$ cat my_file_17.cif   # mmCIF, C-alpha atoms, pLDDT in the B column; chains and numbers go by the auth columns
data_run
loop_
_atom_site.group_PDB
_atom_site.id
_atom_site.type_symbol
_atom_site.label_atom_id
_atom_site.label_comp_id
_atom_site.label_asym_id
_atom_site.label_seq_id
_atom_site.Cartn_x
_atom_site.Cartn_y
_atom_site.Cartn_z
_atom_site.B_iso_or_equiv
_atom_site.auth_seq_id
_atom_site.auth_asym_id
ATOM 1 C CA SER A 1 4.364 -18.798 14.099 54.00 1 A
ATOM 2 C CA ASP A 2 6.013 -17.030 11.171 71.00 2 A
ATOM 3 C CA SER A 3 4.093 -15.791 8.156 77.00 3 A
ATOM 4 C CA SER A 4 5.222 -14.945 4.678 83.00 4 A
ATOM 5 C CA LEU A 5 3.747 -13.057 1.770 85.00 5 A
ATOM 6 C CA ALA A 6 4.871 -12.688 -1.840 88.00 6 A
ATOM 7 C CA CYS A 7 3.188 -10.597 -4.526 87.00 7 A
ATOM 8 C CA ARG A 8 4.446 -10.330 -8.099 86.00 8 A
ATOM 9 C CA GLN A 9 3.272 -8.675 -11.282 84.00 9 A
ATOM 10 C CA THR A 10 2.991 -11.559 -13.750 85.00 10 A
ATOM 11 C CA SER A 11 1.146 -9.823 -16.567 84.00 11 A
ATOM 12 C CA GLU A 12 -0.048 -6.397 -17.618 83.00 12 A
ATOM 13 C CA MET A 13 -1.707 -4.548 -14.732 78.00 13 A
ATOM 14 C CA THR A 14 -4.456 -2.054 -15.331 78.00 14 A
ATOM 15 C CA VAL A 15 -4.921 -0.016 -12.184 76.00 15 A
ATOM 16 C CA ASP A 16 -7.562 2.678 -11.969 80.00 16 A
ATOM 17 C CA TRP A 17 -5.741 4.988 -9.558 74.00 17 A
ATOM 18 C CA ASP A 18 -8.637 7.475 -9.663 79.00 18 A
ATOM 19 C CA LEU A 19 -10.937 4.713 -8.406 80.00 19 A
ATOM 20 C CA LEU A 20 -8.383 3.682 -5.786 74.00 20 A
ATOM 21 C CA ALA A 21 -8.256 7.307 -4.612 75.00 21 A
ATOM 22 C CA LYS A 22 -11.759 6.754 -3.243 80.00 22 A
ATOM 23 C CA ILE A 23 -10.680 3.971 -0.864 75.00 23 A
ATOM 24 C CA PRO A 24 -8.508 4.445 2.249 80.00 24 A
ATOM 25 C CA GLU A 25 -4.737 4.269 1.859 81.00 25 A
ATOM 26 C CA ASP A 26 -4.640 1.647 4.633 84.00 26 A
ATOM 27 C CA THR A 27 -7.193 -1.188 4.495 83.00 27 A
ATOM 28 C CA ASN A 28 -7.455 -4.517 6.322 85.00 28 A
ATOM 29 C CA VAL A 29 -8.071 -7.069 3.531 87.00 29 A
ATOM 30 C CA PHE A 30 -7.848 -10.340 5.500 86.00 30 A
ATOM 31 C CA SER A 31 -8.053 -11.440 9.118 86.00 31 A
ATOM 32 C CA GLN A 32 -8.165 -14.950 10.537 83.00 32 A
ATOM 33 C CA LYS A 33 -7.751 -16.409 14.014 81.00 33 A
ATOM 34 C CA THR A 34 -4.810 -18.797 13.994 75.00 34 A
ATOM 35 C CA ASN A 35 -5.138 -19.809 17.628 72.00 35 A
ATOM 36 C CA PRO A 36 -8.374 -20.274 19.562 72.00 36 A
ATOM 37 C CA TRP A 37 -7.108 -18.223 22.532 65.00 37 A
ATOM 38 C CA PHE A 38 -5.367 -15.069 21.385 63.00 38 A
ATOM 39 C CA LYS A 39 -3.620 -15.014 18.010 77.00 39 A
ATOM 40 C CA THR A 40 -4.942 -13.409 14.808 82.00 40 A
ATOM 41 C CA MET A 41 -3.182 -13.084 11.454 84.00 41 A
ATOM 42 C CA ASN A 42 -3.952 -9.898 9.503 88.00 42 A
ATOM 43 C CA VAL A 43 -3.171 -8.714 5.983 90.00 43 A
ATOM 44 C CA ARG A 44 -3.280 -4.973 5.307 92.00 44 A
ATOM 45 C CA ARG A 45 -3.120 -3.253 1.943 90.00 45 A
ATOM 46 C CA LEU A 46 -1.357 0.109 1.794 91.00 46 A
ATOM 47 C CA LEU A 47 -1.454 2.319 -1.286 87.00 47 A
ATOM 48 C CA ASP A 48 1.408 4.588 -2.321 87.00 48 A
ATOM 49 C CA ARG A 49 -0.384 6.568 -4.995 82.00 49 A
ATOM 50 C CA GLU A 50 2.617 8.782 -5.753 84.00 50 A
ATOM 51 C CA GLU A 51 4.830 5.777 -6.581 87.00 51 A
ATOM 52 C CA LYS A 52 1.903 3.760 -8.030 83.00 52 A
ATOM 53 C CA THR A 53 2.701 0.930 -5.624 88.00 53 A
ATOM 54 C CA ILE A 54 0.454 -1.486 -3.745 88.00 54 A
ATOM 55 C CA ILE A 55 1.987 -2.765 -0.501 92.00 55 A
ATOM 56 C CA TYR A 56 0.774 -5.786 1.469 93.00 56 A
ATOM 57 C CA LEU A 57 1.722 -6.351 5.108 92.00 57 A
ATOM 58 C CA VAL A 58 0.977 -9.570 7.007 90.00 58 A
ATOM 59 C CA PHE A 59 1.280 -9.466 10.786 86.00 59 A
ATOM 60 C CA SER A 60 0.195 -11.139 13.980 80.00 60 A
ATOM 61 C CA GLU A 61 -1.351 -9.186 16.817 72.00 61 A
ATOM 62 C CA HIS A 62 0.559 -11.289 19.347 68.00 62 A
ATOM 63 C CA LEU A 63 4.078 -10.201 20.356 64.00 63 A
ATOM 64 C CA ILE A 64 6.755 -12.908 20.333 62.00 64 A
ATOM 65 C CA ASP A 65 9.909 -12.050 22.289 68.00 65 A
ATOM 66 C CA GLY A 66 8.859 -8.384 22.248 65.00 66 A
ATOM 67 C CA SER A 67 8.350 -8.123 18.478 67.00 67 A
ATOM 68 C CA PRO A 68 5.410 -8.869 16.212 66.00 68 A
ATOM 69 C CA LYS A 69 6.007 -11.395 13.447 73.00 69 A
ATOM 70 C CA ASN A 70 5.410 -9.744 10.089 83.00 70 A
ATOM 71 C CA ALA A 71 6.220 -9.807 6.376 87.00 71 A
ATOM 72 C CA ILE A 72 5.879 -7.233 3.616 90.00 72 A
ATOM 73 C CA SER A 73 5.536 -7.350 -0.176 91.00 73 A
ATOM 74 C CA ALA A 74 5.132 -4.526 -2.690 92.00 74 A
ATOM 75 C CA VAL A 75 4.004 -4.431 -6.314 89.00 75 A
ATOM 76 C CA THR A 76 4.607 -1.397 -8.514 86.00 76 A
ATOM 77 C CA ALA A 77 2.352 -1.128 -11.572 80.00 77 A
ATOM 78 C CA MET A 78 4.912 -1.259 -14.392 80.00 78 A
ATOM 79 C CA PRO A 79 4.468 -1.152 -18.173 78.00 79 A
ATOM 80 C CA TRP A 80 4.365 -4.690 -19.545 78.00 80 A
ATOM 81 C CA PRO A 81 6.261 -5.635 -22.728 79.00 81 A
ATOM 82 C CA LYS A 82 4.017 -6.686 -25.601 74.00 82 A
#
$ encode --input "my_file_17.cif" --output "structure tokens"
Amino acid sequence: SDSSLACRQTSEMTVDWDLLAKIPEDTNVFSQKTNPWFKTMNVRRLLDREEKTIIYLVFSEHLIDGSPKNAISAVTAMPWPK
């Protein structure tokens, strides 16, 4: 099956990048079996500290027609108008 993921900044974001420096740049934040036999859906969070961007990747561990099904979404911490 296909998966999708969408992340948006909808208000002011306060990100403590010093605190985030203490966690790995690549972290599995969600995993759930979607099929009782072999399929698992995963969501990974990747941090691009230089660009101040949080990236989320959703993927299945099962190959379909030679390619994994996946989706990506990125949120850059931007100044918010007051």
$ resolve_selection --input "my_file_17.cif" --expression "the PyMOL selection byres ((chain A and resi 11) around 12)" --output "list in words"
Arg8, Gln9, Thr10, Glu12, Met13, Thr14, Val75, Ala77, Met78, Pro79, Trp80, Pro81 and Lys82 of chain A
$ residues_around --input "my_file_17.cif" --residues "A:Asn28" --least-positions-apart "2" --cutoff "12 Å" --atoms "only C-alpha atoms" --output "PDB file with C-alpha atoms, keeping the file's coordinate frame"
ATOM      1  CA  ILE A  23     -10.680   3.971  -0.864  1.00 75.00           C
ATOM      2  CA  PRO A  24      -8.508   4.445   2.249  1.00 80.00           C
ATOM      3  CA  GLU A  25      -4.737   4.269   1.859  1.00 81.00           C
ATOM      4  CA  ASP A  26      -4.640   1.647   4.633  1.00 84.00           C
ATOM      5  CA  PHE A  30      -7.848 -10.340   5.500  1.00 86.00           C
ATOM      6  CA  SER A  31      -8.053 -11.440   9.118  1.00 86.00           C
ATOM      7  CA  GLN A  32      -8.165 -14.950  10.537  1.00 83.00           C
ATOM      8  CA  MET A  41      -3.182 -13.084  11.454  1.00 84.00           C
ATOM      9  CA  ASN A  42      -3.952  -9.898   9.503  1.00 88.00           C
ATOM     10  CA  VAL A  43      -3.171  -8.714   5.983  1.00 90.00           C
ATOM     11  CA  ARG A  44      -3.280  -4.973   5.307  1.00 92.00           C
ATOM     12  CA  ARG A  45      -3.120  -3.253   1.943  1.00 90.00           C
ATOM     13  CA  LEU A  46      -1.357   0.109   1.794  1.00 91.00           C
ATOM     14  CA  LEU A  47      -1.454   2.319  -1.286  1.00 87.00           C
ATOM     15  CA  ILE A  55       1.987  -2.765  -0.501  1.00 92.00           C
ATOM     16  CA  TYR A  56       0.774  -5.786   1.469  1.00 93.00           C
ATOM     17  CA  LEU A  57       1.722  -6.351   5.108  1.00 92.00           C
ATOM     18  CA  VAL A  58       0.977  -9.570   7.007  1.00 90.00           C
ATOM     19  CA  PHE A  59       1.280  -9.466  10.786  1.00 86.00           C
TER      20      PHE A  59
END
$ closest_residue --input "my_file_17.cif" --among "A:Thr34, A:Ile72, A:Ser60, A:Arg49" --to "A:Lys22" --atoms "only C-alpha atoms"
A:Arg49
$ axis_aligned_box --input "my_file_17.cif" --around "stretch 29-39 of chain A" --padding-each-side "5 Å" --output "AutoDock Vina command-line options"
--center_x -6.0 --center_y -13.7 --center_z 13.0 --size_x 14.8 --size_y 23.2 --size_z 29.0
$ atom_distance --input "my_file_17.cif" --atom1 "atom CA of A:Cys7" --atom2 "atom CA of A:Asn35"
25.4 Å
$ atom_distance --input "my_file_17.cif" --atom1 "atom CA of A:Ser3" --atom2 "atom CA of A:Asp48"
23.1 Å
$ atom_distance --input "my_file_17.cif" --atom1 "atom CA of A:Asp2" --atom2 "atom CA of A:Glu51"
28.9 Å
$ closest_residue --input "my_file_17.cif" --among "A:Lys69, A:Ala74, A:Lys33, A:Glu61" --to "A:Ser4" --atoms "all atoms listed in the file"
A:Lys69
$ closest_residue --input "my_file_17.cif" --among "A:Leu5, A:Leu19, A:Ala71, A:Thr76" --to "A:Glu50" --atoms "only C-alpha atoms"
A:Thr76
$ decode --input "my_file_17.cif" --residues "chain A" --atoms "C-alpha atoms" --output "PDB file, in the first residue's frame"
ATOM      1  CA  SER A   1       0.000   0.000   0.000  1.00  0.00           C
ATOM      2  CA  ASP A   2       1.031   3.624  -0.471  1.00  0.00           C
ATOM      3  CA  SER A   3       1.703   5.975   2.416  1.00  0.00           C
ATOM      4  CA  SER A   4       1.744   9.723   2.600  1.00  0.00           C
ATOM      5  CA  LEU A   5       3.051  12.269   5.050  1.00  0.00           C
ATOM      6  CA  ALA A   6       2.598  16.035   5.272  1.00  0.00           C
ATOM      7  CA  CYS A   7       4.160  18.349   7.845  1.00  0.00           C
ATOM      8  CA  ARG A   8       3.609  22.105   7.925  1.00  0.00           C
ATOM      9  CA  GLN A   9       4.616  24.957  10.183  1.00  0.00           C
ATOM     10  CA  THR A  10       1.296  26.497  11.229  1.00  0.00           C
ATOM     11  CA  SER A  11       2.492  28.799  13.991  1.00  0.00           C
ATOM     12  CA  GLU A  12       5.676  30.076  15.572  1.00  0.00           C
ATOM     13  CA  MET A  13       8.168  27.259  16.168  1.00  0.00           C
ATOM     14  CA  THR A  14      10.613  27.384  19.021  1.00  0.00           C
ATOM     15  CA  VAL A  15      13.286  24.784  18.412  1.00  0.00           C
ATOM     16  CA  ASP A  16      16.091  24.246  20.886  1.00  0.00           C
ATOM     17  CA  TRP A  17      18.764  23.170  18.402  1.00  0.00           C
ATOM     18  CA  ASP A  18      21.312  22.791  21.219  1.00  0.00           C
ATOM     19  CA  LEU A  19      18.992  20.254  22.856  1.00  0.00           C
ATOM     20  CA  LEU A  20      18.409  18.529  19.520  1.00  0.00           C
ATOM     21  CA  ALA A  21      22.190  18.276  19.092  1.00  0.00           C
ATOM     22  CA  LYS A  22      22.108  15.690  21.877  1.00  0.00           C
ATOM     23  CA  ILE A  23      19.837  13.299  19.957  1.00  0.00           C
ATOM     24  CA  PRO A  24      20.845  11.312  16.847  1.00  0.00           C
ATOM     25  CA  GLU A  25      20.406  12.941  13.447  1.00  0.00           C
ATOM     26  CA  ASP A  26      18.423   9.882  12.313  1.00  0.00           C
ATOM     27  CA  THR A  27      15.751   8.515  14.674  1.00  0.00           C
ATOM     28  CA  ASN A  28      12.896   6.045  14.186  1.00  0.00           C
ATOM     29  CA  VAL A  29       9.849   7.834  15.669  1.00  0.00           C
ATOM     30  CA  PHE A  30       7.057   5.415  14.680  1.00  0.00           C
ATOM     31  CA  SER A  31       6.752   1.805  13.575  1.00  0.00           C
ATOM     32  CA  GLN A  32       3.627  -0.279  13.086  1.00  0.00           C
ATOM     33  CA  LYS A  33       2.911  -3.621  11.441  1.00  0.00           C
ATOM     34  CA  THR A  34       0.430  -3.091   8.628  1.00  0.00           C
ATOM     35  CA  ASN A  35       0.220  -6.740   7.635  1.00  0.00           C
ATOM     36  CA  PRO A  36       0.331  -9.728   9.976  1.00  0.00           C
ATOM     37  CA  TRP A  37       2.894 -11.562   7.809  1.00  0.00           C
ATOM     38  CA  PHE A  38       5.648  -9.236   6.667  1.00  0.00           C
ATOM     39  CA  LYS A  39       4.908  -5.537   6.214  1.00  0.00           C
ATOM     40  CA  THR A  40       5.869  -2.729   8.616  1.00  0.00           C
ATOM     41  CA  MET A  41       5.396   1.014   8.151  1.00  0.00           C
ATOM     42  CA  ASN A  42       8.136   3.208   9.643  1.00  0.00           C
ATOM     43  CA  VAL A  43       8.515   6.947  10.176  1.00  0.00           C
ATOM     44  CA  ARG A  44      12.032   8.325  10.619  1.00  0.00           C
ATOM     45  CA  ARG A  45      12.999  11.820  11.694  1.00  0.00           C
ATOM     46  CA  LEU A  46      16.163  13.286  10.189  1.00  0.00           C
ATOM     47  CA  LEU A  47      17.681  16.537  11.420  1.00  0.00           C
ATOM     48  CA  ASP A  48      19.539  18.960   9.164  1.00  0.00           C
ATOM     49  CA  ARG A  49      20.999  21.202  11.834  1.00  0.00           C
ATOM     50  CA  GLU A  50      22.855  23.410   9.350  1.00  0.00           C
ATOM     51  CA  GLU A  51      19.638  24.293   7.483  1.00  0.00           C
ATOM     52  CA  LYS A  52      17.508  24.168  10.675  1.00  0.00           C
ATOM     53  CA  THR A  53      15.211  21.644   9.007  1.00  0.00           C
ATOM     54  CA  ILE A  54      13.356  18.632  10.386  1.00  0.00           C
ATOM     55  CA  ILE A  55      12.711  15.930   7.780  1.00  0.00           C
ATOM     56  CA  TYR A  56      10.234  13.064   8.143  1.00  0.00           C
ATOM     57  CA  LEU A  57      10.399   9.950   5.967  1.00  0.00           C
ATOM     58  CA  VAL A  58       7.691   7.270   5.910  1.00  0.00           C
ATOM     59  CA  PHE A  59       8.570   3.947   4.307  1.00  0.00           C
ATOM     60  CA  SER A  60       7.659   0.296   4.160  1.00  0.00           C
ATOM     61  CA  GLU A  61      10.238  -2.414   4.669  1.00  0.00           C
ATOM     62  CA  HIS A  62       8.620  -4.509   1.937  1.00  0.00           C
ATOM     63  CA  LEU A  63       9.721  -3.975  -1.681  1.00  0.00           C
ATOM     64  CA  ILE A  64       6.941  -3.603  -4.255  1.00  0.00           C
ATOM     65  CA  ASP A  65       8.034  -4.110  -7.869  1.00  0.00           C
ATOM     66  CA  GLY A  66      11.657  -3.654  -6.769  1.00  0.00           C
ATOM     67  CA  SER A  67      11.146  -0.334  -4.966  1.00  0.00           C
ATOM     68  CA  PRO A  68      10.087   0.555  -1.441  1.00  0.00           C
ATOM     69  CA  LYS A  69       7.011   2.748  -1.103  1.00  0.00           C
ATOM     70  CA  ASN A  70       7.948   5.959   0.676  1.00  0.00           C
ATOM     71  CA  ALA A  71       7.068   9.617   1.215  1.00  0.00           C
ATOM     72  CA  ILE A  72       9.020  12.568   2.571  1.00  0.00           C
ATOM     73  CA  SER A  73       8.127  15.886   4.215  1.00  0.00           C
ATOM     74  CA  ALA A  74      10.378  18.644   5.552  1.00  0.00           C
ATOM     75  CA  VAL A  75       9.766  21.582   7.879  1.00  0.00           C
ATOM     76  CA  THR A  76      12.238  24.448   8.168  1.00  0.00           C
ATOM     77  CA  ALA A  77      11.971  26.515  11.357  1.00  0.00           C
ATOM     78  CA  MET A  78      11.125  29.951   9.943  1.00  0.00           C
ATOM     79  CA  PRO A  79      10.458  33.272  11.684  1.00  0.00           C
ATOM     80  CA  TRP A  80       6.721  33.732  12.161  1.00  0.00           C
ATOM     81  CA  PRO A  81       5.037  37.095  11.473  1.00  0.00           C
ATOM     82  CA  LYS A  82       3.519  38.715  14.550  1.00  0.00           C
TER      83      LYS A  82
END
